[in-house]
Amino acid sequence: MNANASLSSLEAARAKTRKKRLATMPLLIIGLLLIALSVTALFSLSGKAVRYDQAFDQGKDLSDYFFAPLAEGEAYSPLQSLWLGIARYRVWPAVAGIFFIGLYVFFNRELLYSQKIAPYVFVFPFILIFLVFFLSPFISTIQMSFQSIKSSSREWIGWKNYTDMFGNKNFYVAVKNSLVYMGLTCALLVPFPLLFAYMLETKAMKASGFFKAIYYMPVLCSVVVAGIIFRMMFSELPGSLMNQVRALFGLEAIPWMKHSAGTAMFAMVLLCCWRWTGMNILYYMAGIKSIPADLYEAADIDGANAVQKFLHVGLPLLKPTAIYVLTISIYAGLSMFTESLMIFGTNNSPKNYGLTIVGYLYRYGFEKVDKMGFASAVGLVLLAGAMVITVAQLIATGTITVGKKKEG
């Protein structure tokens with residue numbers, strides 16, 4: 001009897017909870033609709049929100065943003081006026097929507113303790129940030145890449161930005177420089193930090209803490225400061241550090257940043273390796289510490305020397321770390337811009353020796369007038385290229401498998 005009474009009481013409580021949620025459901029629906037309305041109004045302005053607000057407040061013609069131009073003496077319809085007001089005060093529908101959703105949660109406080117809903121609550125901030133700061137700009141960039149964007153207007157021009165980009169020889173120079181830079185930095189920043197990390201973690205290494213600090217210190221240096229220092233090191237003056245090194249071998253001073261593409265690339269790659277070797281060592285050291293000591297002890301019992309333990313124990317187990325380091329090195333190589341800007345002191349380097357794909361994007365997006373659509377096309381091509389290279393690397397290293405393996 002007690003069990004049946006408890007079951008009936010539980011069912012009654014659940015029925016009451018469902019009835020309460022159903023009664024307050026309009027609050028949730030209204031809140032979501034208001035937020036959707038606010039977001040729609042924001043996206044409909046296509047990046048022209050500030051100019052629209054100024055035009056609305058000053059009573060100017062709004063036909064550049066919504067609806068057709070008004071004839072003399074004509075006024076907007078009530079629905080049109082309502083939409084113009086929502087677009088101007090687009091923040092307040094979102095605030096009201098959050099308020100209604102808060103009311104719904106207040107009347108259904110048991111939702112805060114629901115194990116079914118809790119995961120979605122924790123995931124929601126990430127989804128919101130992803131939608132606002134990645135997906136929305138990404139969609140807007142795709143749209144802008146097919147437009148000619150000027151200070152006062154936008155015009156749909158189709159594939160013209162892409163055809164102009166692929167017909168510009170400086171684009172290929174920038175792509176070449178970025179690929180060469182990426183290849184050299186990956187070739188240096190993937191294997192050598194692994195070797196250094198393994199050496200620093202061996203018991204035979206003396207004063208390993210001191211060397212760890214020395215390796216990591218460049219990471220703490222600002223890229224702006226580091227770029228200025230390297231610019232002075234590679235100065236064309238005879239007293240610069242690198243020209244003094246040449247003088248030790250009886251060679252004359254050269255303008256490193258203007259002499260050739262090779263000398264300019266050497267300076268940029270050296271700056272990158274100086275700054276990021278310590279960080280990659282840190283990644284590898286974390287991977288080394290995760291390897292069970294029992295495996296090394298077993299290798300000692302089998303008579304393996306240090307090189308054999310590294311090749312047959314440490315290296316295979318460090319493959320996930322190495323793939324991660326390679327992936328971020330590819331991304332960093334393709335996205336390099338600040339190092340080139342600081343070491344040359346300008347984005348217009350001599351003969352475009354330091355021009356990268358991001359520098360090319362910056363040149364047309366910010367240094368030139370009315371070229372934001374062209375820069376958007378460059379950015380999308382860079383994204384596609386980075387994705388292709390990264391996926392190809394992940395397939396080559398076995399991280400991503402293509403197709404199903406045949407069973408023997």
# chains A, B, ... in the order shown; residues from 1 in each chain; ligands from 1
$ residues_around --residues "range 15-18 of chain A" --least-positions-apart "4" --cutoff "12 Å" --atoms "only C-alpha atoms" --output "ChimeraX atom specification"
/A:8-11,22-25,107-111
$ write_last_selection --atoms "N, CA and C atoms" --output "CSV table (one decimal), in the first residue's frame"
chain,number,residue,atom,x,y,z
A,8,SER,N,1.8,6.8,-6.7
A,8,SER,CA,0.7,7.7,-7.1
A,8,SER,C,1.1,9.1,-6.9
A,9,SER,N,1.7,9.4,-5.7
A,9,SER,CA,2.2,10.7,-5.4
A,9,SER,C,3.2,11.2,-6.3
A,10,LEU,N,4.1,10.3,-6.7
A,10,LEU,CA,5.2,10.7,-7.7
A,10,LEU,C,4.6,11.0,-9.0
A,11,GLU,N,3.6,10.2,-9.5
A,11,GLU,CA,3.0,10.5,-10.8
A,11,GLU,C,2.2,11.8,-10.7
A,22,LEU,N,3.8,23.3,-19.3
A,22,LEU,CA,3.0,23.6,-20.5
A,22,LEU,C,2.4,25.0,-20.4
A,23,ALA,N,2.0,25.4,-19.2
A,23,ALA,CA,1.3,26.7,-19.0
A,23,ALA,C,2.3,27.8,-19.1
A,24,THR,N,3.6,27.6,-18.8
A,24,THR,CA,4.6,28.7,-18.9
A,24,THR,C,5.4,28.6,-20.2
A,25,MET,N,5.1,27.6,-21.1
A,25,MET,CA,5.8,27.5,-22.3
A,25,MET,C,5.7,28.7,-23.2
A,107,PHE,N,9.9,30.0,-13.0
A,107,PHE,CA,8.7,29.3,-12.7
A,107,PHE,C,8.9,27.8,-12.8
A,108,ASN,N,10.0,27.3,-13.4
A,108,ASN,CA,10.3,25.9,-13.5
A,108,ASN,C,11.8,25.7,-13.0
A,109,ARG,N,12.0,26.0,-11.7
A,109,ARG,CA,13.3,26.0,-11.2
A,109,ARG,C,13.9,24.5,-11.1
A,110,GLU,N,13.0,23.6,-11.2
A,110,GLU,CA,13.5,22.2,-11.1
A,110,GLU,C,14.3,21.8,-12.4
A,111,LEU,N,14.2,22.7,-13.4
A,111,LEU,CA,15.0,22.4,-14.6
A,111,LEU,C,16.5,22.6,-14.3
$ select_by_dssp --residues "range 49-197 of chain A" --states "strand (DSSP E or B)" --output "PyMOL selection string"
chain A and resi 147-149+154-156
$ write_last_selection --atoms "N, CA and C atoms" --output "PDB file, in the first residue's frame"
ATOM      1  N   GLN A 147      31.108  40.529 -53.472  1.00  0.00           N
ATOM      2  CA  GLN A 147      30.615  41.896 -53.560  1.00  0.00           C
ATOM      3  C   GLN A 147      31.765  42.879 -53.727  1.00  0.00           C
ATOM      4  N   SER A 148      31.451  44.014 -54.288  1.00  0.00           N
ATOM      5  CA  SER A 148      32.348  45.164 -54.288  1.00  0.00           C
ATOM      6  C   SER A 148      31.863  46.098 -53.191  1.00  0.00           C
ATOM      7  N   ILE A 149      32.656  46.189 -52.116  1.00  0.00           N
ATOM      8  CA  ILE A 149      32.220  46.911 -50.922  1.00  0.00           C
ATOM      9  C   ILE A 149      32.895  48.273 -50.889  1.00  0.00           C
ATOM     10  N   ARG A 154      27.197  48.649 -51.527  1.00  0.00           N
ATOM     11  CA  ARG A 154      27.671  47.314 -51.871  1.00  0.00           C
ATOM     12  C   ARG A 154      27.078  46.914 -53.210  1.00  0.00           C
ATOM     13  N   GLU A 155      27.873  46.210 -54.003  1.00  0.00           N
ATOM     14  CA  GLU A 155      27.406  45.780 -55.313  1.00  0.00           C
ATOM     15  C   GLU A 155      27.803  44.328 -55.535  1.00  0.00           C
ATOM     16  N   TRP A 156      26.856  43.521 -55.945  1.00  0.00           N
ATOM     17  CA  TRP A 156      27.122  42.104 -56.212  1.00  0.00           C
ATOM     18  C   TRP A 156      27.866  41.980 -57.540  1.00  0.00           C
TER      19      TRP A 156
END
$ closest_residue --among "A:Phe234, A:Tyr104, A:Tyr52, A:Tyr76" --to "Arg21 in chain A" --atoms "only C-alpha atoms"
A:Tyr104
$ closest_atom_pairs --of "range 135-203 of chain A" --to "range 215-228 of chain A" --cutoff "12 Å" --atoms "only C-alpha atoms" --output "Markdown table"
| residue | atom | partner | partner_atom | distance |
| --- | --- | --- | --- | --- |
| A:Pro193 | CA | A:Tyr215 | CA | 9.8 |
| A:Phe196 | CA | A:Tyr215 | CA | 9.6 |
| A:Ala197 | CA | A:Tyr215 | CA | 10.1 |
| A:Leu200 | CA | A:Tyr215 | CA | 10.6 |
$ closest_residue --among "A:Tyr172, A:Tyr181, A:Tyr283, A:Phe210" --to "Leu334 in chain A" --atoms "only C-alpha atoms"
A:Tyr181
$ residues_around --residues "Phe100 in chain A" --least-positions-apart "5" --cutoff "9 Å" --atoms "only C-alpha atoms" --output "list in words"
Leu27, Leu28, Ile29, Ile30, Gly31, Leu32, Val95 and Val105 of chain A
$ residues_around --residues "Tyr324 in chain A" --least-positions-apart "3" --cutoff "10 Å" --atoms "only C-alpha atoms" --output "list in words"
Val190, Asn280, Tyr283, Tyr284, Lys319, Pro320, Thr321, Thr327, Ile328, Ser329, Ile330 and Leu394 of chain A
$ write_last_selection --atoms "C-alpha atoms" --output "compact mmCIF listing (two decimals), in the first residue's frame"
# COMPACT_ATOMS: atom_id res chain seq x y z
CA VAL A 190 58.75 19.53 -35.16
CA ASN A 280 57.16 23.01 -28.61
CA TYR A 283 54.47 20.16 -25.47
CA TYR A 284 56.88 17.27 -25.99
CA LYS A 319 53.20 10.37 -32.16
CA PRO A 320 49.95 12.10 -30.99
CA THR A 321 51.99 14.97 -29.52
CA THR A 327 49.22 20.77 -36.99
CA ILE A 328 49.68 23.99 -35.05
CA SER A 329 52.97 24.63 -36.88
CA ILE A 330 51.17 24.38 -40.23
CA LEU A 394 46.20 14.11 -40.79
$ atom_distance --atom1 "CA of Ser44 in chain A" --atom2 "CA of Asp64 in chain A"
12.0 Å
$ decode --residues "range 295-375 of chain A" --atoms "C-alpha atoms" --output "mmCIF file, in the first residue's frame"
data_model
loop_
_atom_site.group_PDB
_atom_site.id
_atom_site.type_symbol
_atom_site.label_atom_id
_atom_site.label_comp_id
_atom_site.auth_asym_id
_atom_site.auth_seq_id
_atom_site.Cartn_x
_atom_site.Cartn_y
_atom_site.Cartn_z
ATOM 1 C CA LEU A 295 58.285 0.605 -20.471
ATOM 2 C CA TYR A 296 61.742 2.148 -20.137
ATOM 3 C CA GLU A 297 62.599 -0.268 -17.346
ATOM 4 C CA ALA A 298 61.568 -3.191 -19.538
ATOM 5 C CA ALA A 299 63.722 -1.808 -22.348
ATOM 6 C CA ASP A 300 66.673 -1.573 -19.915
ATOM 7 C CA ILE A 301 66.195 -5.222 -18.954
ATOM 8 C CA ASP A 302 66.220 -6.167 -22.642
ATOM 9 C CA GLY A 303 69.548 -4.328 -23.006
ATOM 10 C CA ALA A 304 68.348 -1.355 -25.071
ATOM 11 C CA ASN A 305 70.579 1.705 -25.159
ATOM 12 C CA ALA A 306 69.391 5.321 -25.040
ATOM 13 C CA VAL A 307 68.989 5.631 -28.813
ATOM 14 C CA GLN A 308 67.024 2.385 -29.044
ATOM 15 C CA LYS A 309 64.726 3.424 -26.192
ATOM 16 C CA PHE A 310 64.080 6.716 -27.945
ATOM 17 C CA LEU A 311 63.350 5.102 -31.321
ATOM 18 C CA HIS A 312 61.304 2.125 -30.131
ATOM 19 C CA VAL A 313 59.655 3.383 -26.925
ATOM 20 C CA GLY A 314 59.529 7.169 -26.767
ATOM 21 C CA LEU A 315 59.029 8.082 -30.424
ATOM 22 C CA PRO A 316 56.020 5.811 -31.151
ATOM 23 C CA LEU A 317 54.214 6.910 -27.983
ATOM 24 C CA LEU A 318 54.891 10.582 -28.765
ATOM 25 C CA LYS A 319 53.199 10.366 -32.161
ATOM 26 C CA PRO A 320 49.951 12.100 -30.989
ATOM 27 C CA THR A 321 51.987 14.971 -29.522
ATOM 28 C CA ALA A 322 54.088 15.243 -32.676
ATOM 29 C CA ILE A 323 50.945 15.367 -34.835
ATOM 30 C CA TYR A 324 49.536 18.134 -32.649
ATOM 31 C CA VAL A 325 52.770 20.137 -32.877
ATOM 32 C CA LEU A 326 52.837 19.640 -36.658
ATOM 33 C CA THR A 327 49.218 20.765 -36.991
ATOM 34 C CA ILE A 328 49.679 23.989 -35.045
ATOM 35 C CA SER A 329 52.969 24.631 -36.876
ATOM 36 C CA ILE A 330 51.165 24.383 -40.228
ATOM 37 C CA TYR A 331 48.524 26.820 -39.027
ATOM 38 C CA ALA A 332 51.127 29.217 -37.596
ATOM 39 C CA GLY A 333 53.185 29.075 -40.783
ATOM 40 C CA LEU A 334 50.252 29.898 -43.042
ATOM 41 C CA SER A 335 48.911 32.634 -40.750
ATOM 42 C CA MET A 336 52.250 34.395 -40.197
ATOM 43 C CA PHE A 337 52.021 38.169 -40.600
ATOM 44 C CA THR A 338 53.201 40.101 -37.556
ATOM 45 C CA GLU A 339 56.736 38.666 -37.699
ATOM 46 C CA SER A 340 57.157 39.815 -41.303
ATOM 47 C CA LEU A 341 55.594 43.206 -40.596
ATOM 48 C CA MET A 342 57.917 43.903 -37.666
ATOM 49 C CA ILE A 343 61.134 42.526 -39.098
ATOM 50 C CA PHE A 344 60.717 44.558 -42.289
ATOM 51 C CA GLY A 345 59.071 47.506 -40.567
ATOM 52 C CA THR A 346 56.391 47.600 -43.287
ATOM 53 C CA ASN A 347 53.958 45.370 -45.127
ATOM 54 C CA ASN A 348 55.495 46.517 -48.431
ATOM 55 C CA SER A 349 58.795 44.648 -48.185
ATOM 56 C CA PRO A 350 61.468 45.026 -50.909
ATOM 57 C CA LYS A 351 60.443 42.987 -53.972
ATOM 58 C CA ASN A 352 57.770 41.417 -51.752
ATOM 59 C CA TYR A 353 60.358 39.201 -50.054
ATOM 60 C CA GLY A 354 58.337 39.237 -46.845
ATOM 61 C CA LEU A 355 54.845 39.249 -48.347
ATOM 62 C CA THR A 356 52.701 36.424 -46.937
ATOM 63 C CA ILE A 357 49.145 35.463 -47.729
ATOM 64 C CA VAL A 358 47.881 37.170 -44.567
ATOM 65 C CA GLY A 359 49.958 40.249 -45.408
ATOM 66 C CA TYR A 360 48.399 40.209 -48.865
ATOM 67 C CA LEU A 361 44.956 40.060 -47.260
ATOM 68 C CA TYR A 362 45.847 42.938 -44.922
ATOM 69 C CA ARG A 363 47.154 45.004 -47.818
ATOM 70 C CA TYR A 364 43.845 44.878 -49.678
ATOM 71 C CA GLY A 365 41.521 44.755 -46.696
ATOM 72 C CA PHE A 366 42.949 47.643 -44.663
ATOM 73 C CA GLU A 367 45.687 49.496 -46.562
ATOM 74 C CA LYS A 368 43.702 49.988 -49.772
ATOM 75 C CA VAL A 369 40.310 51.658 -50.113
ATOM 76 C CA ASP A 370 37.144 49.768 -51.076
ATOM 77 C CA LYS A 371 38.845 46.371 -51.347
ATOM 78 C CA MET A 372 37.227 44.541 -48.439
ATOM 79 C CA GLY A 373 35.384 42.183 -50.782
ATOM 80 C CA PHE A 374 38.653 41.242 -52.488
ATOM 81 C CA ALA A 375 40.278 40.660 -49.086
#
